[in-house]
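First up is the structure itself, then whatever we jot down about it.
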Amino acid sequence: MTQPRWAVVVPVKRLAVAKSRLRGALPGVPHEELALALAADTLRAVLACPAVAEALVVTDDARVAAAARAAGAGVLPDEPDAGLNAAFRHGAATAAAGWVAGITADVPALRPAELAGALLAAQNGRQGVRRFLPDTPGGGTVLLTAGPGVALDPRFGVGSAVAHAASGALPLDGDWPSLRRDVDTAADLAAAARLGLGPRTAALVAAGRPARAAG
């Protein structure tokens with residue numbers, strides 16, 4: 001079966017309030033720079049995925065919007081301004097492609113081939129059913145997909161994997177560690193670094209790592 005081309009929605013909060021649990025994770029690195037790097041590396045991988053026809057960033061942050069446009073993504077203002085799920089719905093309603101996915105903006109180790117594999121698995125699954133991919137710990141969600149004529153109906157937030165399953169979505173099964181590794185804490189960032197970070201986050205991690213003592 002030929003893989004369709006997907007629209008991928010990537011909501012990004014205002015940098016001043018994004019990724020609050022990561023504050024202080026990289027000494028000497030401004031928090032907003034780290035939040036922007038996570039989103040930029042996620043978007044870079046999404047745009048490099050051969051299955052993706054368009055990426056839509058939903059944000060009210062001027063720096064995020066500028067970076068997204070420079071990378072080749074579309075940008076939508078967060079007109080609902082009512083949280084992550086409203087932003088996902090807003091982006092999905094605007095998408096041109098019939099196949100739509102929502103991905104969180106905090107998977108900086110993402111490999112385009114792994115995203116392509118997950119989207120192909122979603123396409124080849126039961127028709128008319130949304131699919132979701134839990135994060136590495138298992139309680140959250142990093143990816144939600146919907147086929148033509150199916151509403152994305154996102155349930156992101158605490159316990160989202162259970163919420164998506166309860167809403168009728170089916171879990172995706174596959175070995176996609178870079179896609180499943182979202183970053184909420186300093187420990188998550190270290191785990192993502194072991195997988196191999198995107199260039200922008202990797203540069204900040206290198207800059208924020210304490211220098212070794214001489215001798």
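Chain identifiers are assigned as A, B, and so on, following the order in which chains appear in the structure tokens; residues are numbered from 1 within each chain, and ligands are numbered from 1 in order of appearance.
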
Inset, instruction - Name all residues at most 10 Å from Ala71 in chain A (count only C-alpha atoms; drop same-chain ones fewer than 6 positions away) and give them as a ChimeraX atom specification. - result: /A:40,43-44,47,55,65

Dump as a compact mmCIF listing (two decimals), in the first residue's frame, selection limited to N, CA, C and O atoms:
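Once everything was written out, this is result.txt:
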```txt
# COMPACT_ATOMS: atom_id res chain seq x y z
N ALA A 40 12.46 23.13 18.00
CA ALA A 40 13.10 23.26 16.70
C ALA A 40 13.63 21.91 16.20
O ALA A 40 13.50 21.58 15.01
N LEU A 43 10.68 19.73 15.17
CA LEU A 43 10.15 20.17 13.88
C LEU A 43 11.09 19.81 12.74
O LEU A 43 10.65 19.43 11.66
N ARG A 44 12.38 19.94 12.96
CA ARG A 44 13.37 19.58 11.93
C ARG A 44 13.19 18.14 11.49
O ARG A 44 13.21 17.83 10.29
N LEU A 47 9.84 17.63 9.48
CA LEU A 47 9.93 18.12 8.11
C LEU A 47 10.82 17.24 7.24
O LEU A 47 10.65 17.21 6.02
N ALA A 55 3.85 20.52 7.80
CA ALA A 55 3.89 20.63 9.26
C ALA A 55 3.28 21.96 9.63
O ALA A 55 3.59 23.00 9.04
N ALA A 65 7.41 31.05 16.10
CA ALA A 65 6.83 31.25 14.76
C ALA A 65 7.91 31.55 13.74
O ALA A 65 7.89 31.00 12.61
```

List the spatial neighbours of Val17 in chain A as an mmCIF file with N, CA and C atoms, in the first residue's frame - criterion: any atom at most 10 Å away, only C-alpha atoms, same-chain residues fewer than 6 positions off excluded.
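This is the output file selection.cif:
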```
data_model
loop_
_atom_site.group_PDB
_atom_site.id
_atom_site.type_symbol
_atom_site.label_atom_id
_atom_site.label_comp_id
_atom_site.auth_asym_id
_atom_site.auth_seq_id
_atom_site.Cartn_x
_atom_site.Cartn_y
_atom_site.Cartn_z
ATOM 1 N N HIS A 31 16.414 29.262 29.973
ATOM 2 C CA HIS A 31 15.374 28.244 29.823
ATOM 3 C C HIS A 31 14.631 28.364 28.494
ATOM 4 N N GLU A 32 14.344 29.574 28.071
ATOM 5 C CA GLU A 32 13.614 29.750 26.820
ATOM 6 C C GLU A 32 14.408 29.207 25.631
ATOM 7 N N ALA A 35 13.801 25.414 25.641
ATOM 8 C CA ALA A 35 12.452 25.087 25.162
ATOM 9 C C ALA A 35 12.356 25.265 23.647
#
```

Inset, instruction - List every residue of range 1-186 of chain A that DSSP, applied to the backbone, labels as alpha helix (DSSP H), and write the result as a ChimeraX atom specification. - result: /A:31-48,62-71,84-94,112-123,160-166,177-180,186

Inset, instruction - Taking the DSSP assignment computed from this structure's backbone, write out as a ChimeraX atom specification all residues of chain A that belong to strand (DSSP E or B). - result: /A:6-11,52-58,74-76,99-103,131-134,141-146,170-171

Go ahead and dump the residues you just picked, N, CA and C atoms, as an mmCIF file, in the first residue's frame.
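Written out: selection.cif:
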```
data_model
loop_
_atom_site.group_PDB
_atom_site.id
_atom_site.type_symbol
_atom_site.label_atom_id
_atom_site.label_comp_id
_atom_site.auth_asym_id
_atom_site.auth_seq_id
_atom_site.Cartn_x
_atom_site.Cartn_y
_atom_site.Cartn_z
ATOM 1 N N TRP A 6 1.154 13.043 4.991
ATOM 2 C CA TRP A 6 0.492 13.443 6.220
ATOM 3 C C TRP A 6 0.664 14.933 6.503
ATOM 4 N N ALA A 7 -0.309 15.482 7.193
ATOM 5 C CA ALA A 7 -0.168 16.783 7.836
ATOM 6 C C ALA A 7 0.123 16.523 9.312
ATOM 7 N N VAL A 8 1.142 17.171 9.834
ATOM 8 C CA VAL A 8 1.540 16.969 11.224
ATOM 9 C C VAL A 8 1.402 18.290 11.975
ATOM 10 N N VAL A 9 0.637 18.266 13.044
ATOM 11 C CA VAL A 9 0.378 19.449 13.863
ATOM 12 C C VAL A 9 1.304 19.429 15.072
ATOM 13 N N VAL A 10 1.980 20.555 15.303
ATOM 14 C CA VAL A 10 2.941 20.661 16.406
ATOM 15 C C VAL A 10 2.622 21.919 17.230
ATOM 16 N N PRO A 11 1.853 21.800 18.290
ATOM 17 C CA PRO A 11 1.618 22.981 19.145
ATOM 18 C C PRO A 11 2.849 23.299 19.992
ATOM 19 N N VAL A 52 5.668 13.148 5.405
ATOM 20 C CA VAL A 52 5.021 14.392 5.826
ATOM 21 C C VAL A 52 4.905 15.364 4.659
ATOM 22 N N ALA A 53 3.670 15.765 4.370
ATOM 23 C CA ALA A 53 3.419 16.762 3.321
ATOM 24 C C ALA A 53 3.488 18.170 3.870
ATOM 25 N N GLU A 54 3.035 18.365 5.097
ATOM 26 C CA GLU A 54 3.070 19.691 5.700
ATOM 27 C C GLU A 54 3.153 19.563 7.210
ATOM 28 N N ALA A 55 3.850 20.523 7.805
ATOM 29 C CA ALA A 55 3.891 20.633 9.257
ATOM 30 C C ALA A 55 3.276 21.965 9.634
ATOM 31 N N LEU A 56 2.380 21.931 10.598
ATOM 32 C CA LEU A 56 1.687 23.130 11.060
ATOM 33 C C LEU A 56 2.010 23.369 12.524
ATOM 34 N N VAL A 57 2.687 24.464 12.786
ATOM 35 C CA VAL A 57 3.029 24.831 14.159
ATOM 36 C C VAL A 57 1.971 25.797 14.673
ATOM 37 N N VAL A 58 1.366 25.458 15.791
ATOM 38 C CA VAL A 58 0.353 26.301 16.411
ATOM 39 C C VAL A 58 1.002 26.987 17.608
ATOM 40 N N GLY A 74 4.317 25.638 8.224
ATOM 41 C CA GLY A 74 3.263 26.620 8.326
ATOM 42 C C GLY A 74 3.064 27.005 9.774
ATOM 43 N N VAL A 75 2.573 28.200 9.998
ATOM 44 C CA VAL A 75 2.357 28.687 11.362
ATOM 45 C C VAL A 75 0.933 29.188 11.514
ATOM 46 N N LEU A 76 0.287 28.748 12.569
ATOM 47 C CA LEU A 76 -1.054 29.199 12.898
ATOM 48 C C LEU A 76 -1.032 29.859 14.266
ATOM 49 N N TRP A 99 -4.847 12.698 6.000
ATOM 50 C CA TRP A 99 -4.257 11.993 7.133
ATOM 51 C C TRP A 99 -3.572 13.028 8.019
ATOM 52 N N VAL A 100 -3.929 13.044 9.302
ATOM 53 C CA VAL A 100 -3.436 14.076 10.212
ATOM 54 C C VAL A 100 -2.833 13.418 11.454
ATOM 55 N N ALA A 101 -1.706 13.959 11.885
ATOM 56 C CA ALA A 101 -1.078 13.501 13.124
ATOM 57 C C ALA A 101 -0.777 14.701 13.997
ATOM 58 N N GLY A 102 -0.868 14.501 15.292
ATOM 59 C CA GLY A 102 -0.432 15.491 16.259
ATOM 60 C C GLY A 102 0.764 14.940 17.011
ATOM 61 N N ILE A 103 1.814 15.750 17.143
ATOM 62 C CA ILE A 103 3.013 15.305 17.852
ATOM 63 C C ILE A 103 3.405 16.376 18.856
ATOM 64 N N ARG A 131 -5.093 6.307 16.184
ATOM 65 C CA ARG A 131 -4.008 5.552 16.807
ATOM 66 C C ARG A 131 -3.155 6.509 17.634
ATOM 67 N N PHE A 132 -2.577 6.000 18.704
ATOM 68 C CA PHE A 132 -1.716 6.837 19.539
ATOM 69 C C PHE A 132 -0.485 6.052 19.947
ATOM 70 N N LEU A 133 0.585 6.800 20.222
ATOM 71 C CA LEU A 133 1.831 6.186 20.667
ATOM 72 C C LEU A 133 2.171 6.702 22.052
ATOM 73 N N PRO A 134 2.225 5.809 23.053
ATOM 74 C CA PRO A 134 2.610 6.240 24.394
ATOM 75 C C PRO A 134 4.075 6.665 24.436
ATOM 76 N N THR A 141 1.447 10.571 26.000
ATOM 77 C CA THR A 141 1.289 10.324 24.566
ATOM 78 C C THR A 141 2.189 11.289 23.809
ATOM 79 N N VAL A 142 2.904 10.766 22.816
ATOM 80 C CA VAL A 142 3.742 11.629 21.983
ATOM 81 C C VAL A 142 3.168 11.829 20.586
ATOM 82 N N LEU A 143 2.326 10.901 20.136
ATOM 83 C CA LEU A 143 1.807 10.950 18.771
ATOM 84 C C LEU A 143 0.363 10.462 18.750
ATOM 85 N N LEU A 144 -0.491 11.183 18.026
ATOM 86 C CA LEU A 144 -1.886 10.796 17.827
ATOM 87 C C LEU A 144 -2.193 10.957 16.354
ATOM 88 N N THR A 145 -2.839 9.966 15.746
ATOM 89 C CA THR A 145 -3.110 10.015 14.312
ATOM 90 C C THR A 145 -4.589 9.775 14.017
ATOM 91 N N ALA A 146 -5.015 10.329 12.893
ATOM 92 C CA ALA A 146 -6.391 10.133 12.427
ATOM 93 C C ALA A 146 -6.389 10.104 10.906
ATOM 94 N N LEU A 170 -6.496 3.372 19.447
ATOM 95 C CA LEU A 170 -5.731 2.150 19.670
ATOM 96 C C LEU A 170 -4.249 2.476 19.732
ATOM 97 N N PRO A 171 -3.508 1.789 20.621
ATOM 98 C CA PRO A 171 -2.075 2.064 20.713
ATOM 99 C C PRO A 171 -1.313 1.528 19.506
#
```

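Proximity to Arg5 in chain A was assessed for A:Ala95, A:Ala87, A:Ala192, A:Ala109 counting only C-alpha atoms; the smallest distance is recorded for A:Ala95.
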
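Nearest to Asp41 in chain A of all the residues A:Leu115, A:Ala202, A:Leu22, A:Ala166 is A:Ala202, based on only C-alpha atoms.
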
Contacts of Val29 in chain A within 10 Å, only C-alpha atoms, excl. fewer than 6 positions in-chain, as a PDB file with N, CA and C atoms, in the first residue's frame:
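Ended up saving to out-v3.pdb:
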```
ATOM      1  N   ARG A  23      13.277  23.693  34.030  1.00  0.00           N
ATOM      2  CA  ARG A  23      14.026  24.888  34.452  1.00  0.00           C
ATOM      3  C   ARG A  23      15.240  24.500  35.285  1.00  0.00           C
ATOM      4  N   LEU A 204      23.185  23.107  22.962  1.00  0.00           N
ATOM      5  CA  LEU A 204      22.898  23.684  24.281  1.00  0.00           C
ATOM      6  C   LEU A 204      23.355  22.763  25.396  1.00  0.00           C
ATOM      7  N   VAL A 205      23.167  21.455  25.208  1.00  0.00           N
ATOM      8  CA  VAL A 205      23.621  20.498  26.219  1.00  0.00           C
ATOM      9  C   VAL A 205      25.135  20.587  26.371  1.00  0.00           C
ATOM     10  N   ALA A 207      26.968  23.205  25.750  1.00  0.00           N
ATOM     11  CA  ALA A 207      27.283  24.490  26.366  1.00  0.00           C
ATOM     12  C   ALA A 207      26.954  24.499  27.852  1.00  0.00           C
ATOM     13  N   GLY A 208      25.923  23.759  28.237  1.00  0.00           N
ATOM     14  CA  GLY A 208      25.481  23.779  29.623  1.00  0.00           C
ATOM     15  C   GLY A 208      26.130  22.760  30.502  1.00  0.00           C
ATOM     16  N   ARG A 209      26.960  21.884  29.919  1.00  0.00           N
ATOM     17  CA  ARG A 209      27.615  20.839  30.705  1.00  0.00           C
ATOM     18  C   ARG A 209      28.770  21.461  31.485  1.00  0.00           C
TER      19      ARG A 209
END
```

Inset, instruction - For Pro177 in chain A, work out the shell of residues within 9 Å, counting only C-alpha atoms and skipping chain neighbours fewer than 3 positions away, then give it as a ChimeraX atom specification. - result: /A:109-110,114,135-136,174,180-181,195

Inset, instruction - Measure the distance from CA of Ala82 in chain A to CA of Leu15 in chain A in Å and round it to one decimal. - result: 16.0 Å

Inset, instruction - Identify which of the residues A:Ala193, A:Ala116, A:Ala93, A:Ala186 lies closest to Lys19 in chain A, counting only C-alpha atoms when measuring atom-to-atom distances. - result: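 Ranked by minimum distance to Lys19 in chain A, first place goes to A:Ala186.
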
Using only C-alpha atoms, tabulate the residues of range 55-113 of chain A lying at most 7 Å from any atom of range 147-154 of chain A, each with its closest atom pair and that distance in Å to one decimal, by chain and increasing residue number, as JSON lines.
```
{"residue": "A:Asn85", "atom": "CA", "partner": "A:Pro154", "partner_atom": "CA", "distance": 5.6}
{"residue": "A:Phe88", "atom": "CA", "partner": "A:Pro154", "partner_atom": "CA", "distance": 6.8}
{"residue": "A:Arg89", "atom": "CA", "partner": "A:Leu152", "partner_atom": "CA", "distance": 6.9}
{"residue": "A:Ala92", "atom": "CA", "partner": "A:Leu152", "partner_atom": "CA", "distance": 6.9}
{"residue": "A:Gly98", "atom": "CA", "partner": "A:Pro148", "partner_atom": "CA", "distance": 4.4}
{"residue": "A:Trp99", "atom": "CA", "partner": "A:Gly147", "partner_atom": "CA", "distance": 4.5}
{"residue": "A:Val100", "atom": "CA", "partner": "A:Gly147", "partner_atom": "CA", "distance": 6.4}
```

Those residues with C-alpha atoms, as a PDB file, in the first residue's frame please?
```
ATOM      1  CA  ASN A  85      -5.785  19.941  23.056  1.00  0.00           C
ATOM      2  CA  PHE A  88      -4.179  20.344  18.304  1.00  0.00           C
ATOM      3  CA  ARG A  89      -7.809  20.584  17.201  1.00  0.00           C
ATOM      4  CA  ALA A  92      -6.023  19.596  12.538  1.00  0.00           C
ATOM      5  CA  GLY A  98      -6.590  13.870   4.812  1.00  0.00           C
ATOM      6  CA  TRP A  99      -4.257  11.993   7.133  1.00  0.00           C
ATOM      7  CA  VAL A 100      -3.436  14.076  10.212  1.00  0.00           C
TER       8      VAL A 100
END
```

Inset, instruction - Quick one: everything within 9 Å of Gly117 in chain A, counting only C-alpha atoms, minus sequence neighbours fewer than 5 positions away in the same chain. Send it as a VMD selection string. - result: chain A and resid 112 122 174 176

Inset, instruction - Go through A:Ala51, A:Val64, A:Val12, A:Ala97 and flag the residue nearest Ala121 in chain A, using only C-alpha atoms for the distances. - result: A:Ala51

Inset, instruction - Just the residues within 8 Å of Lys13 in chain A, please, counting only C-alpha atoms, with nothing from its chain fewer than 3 positions along; format it as a count of residues only. - result: 5
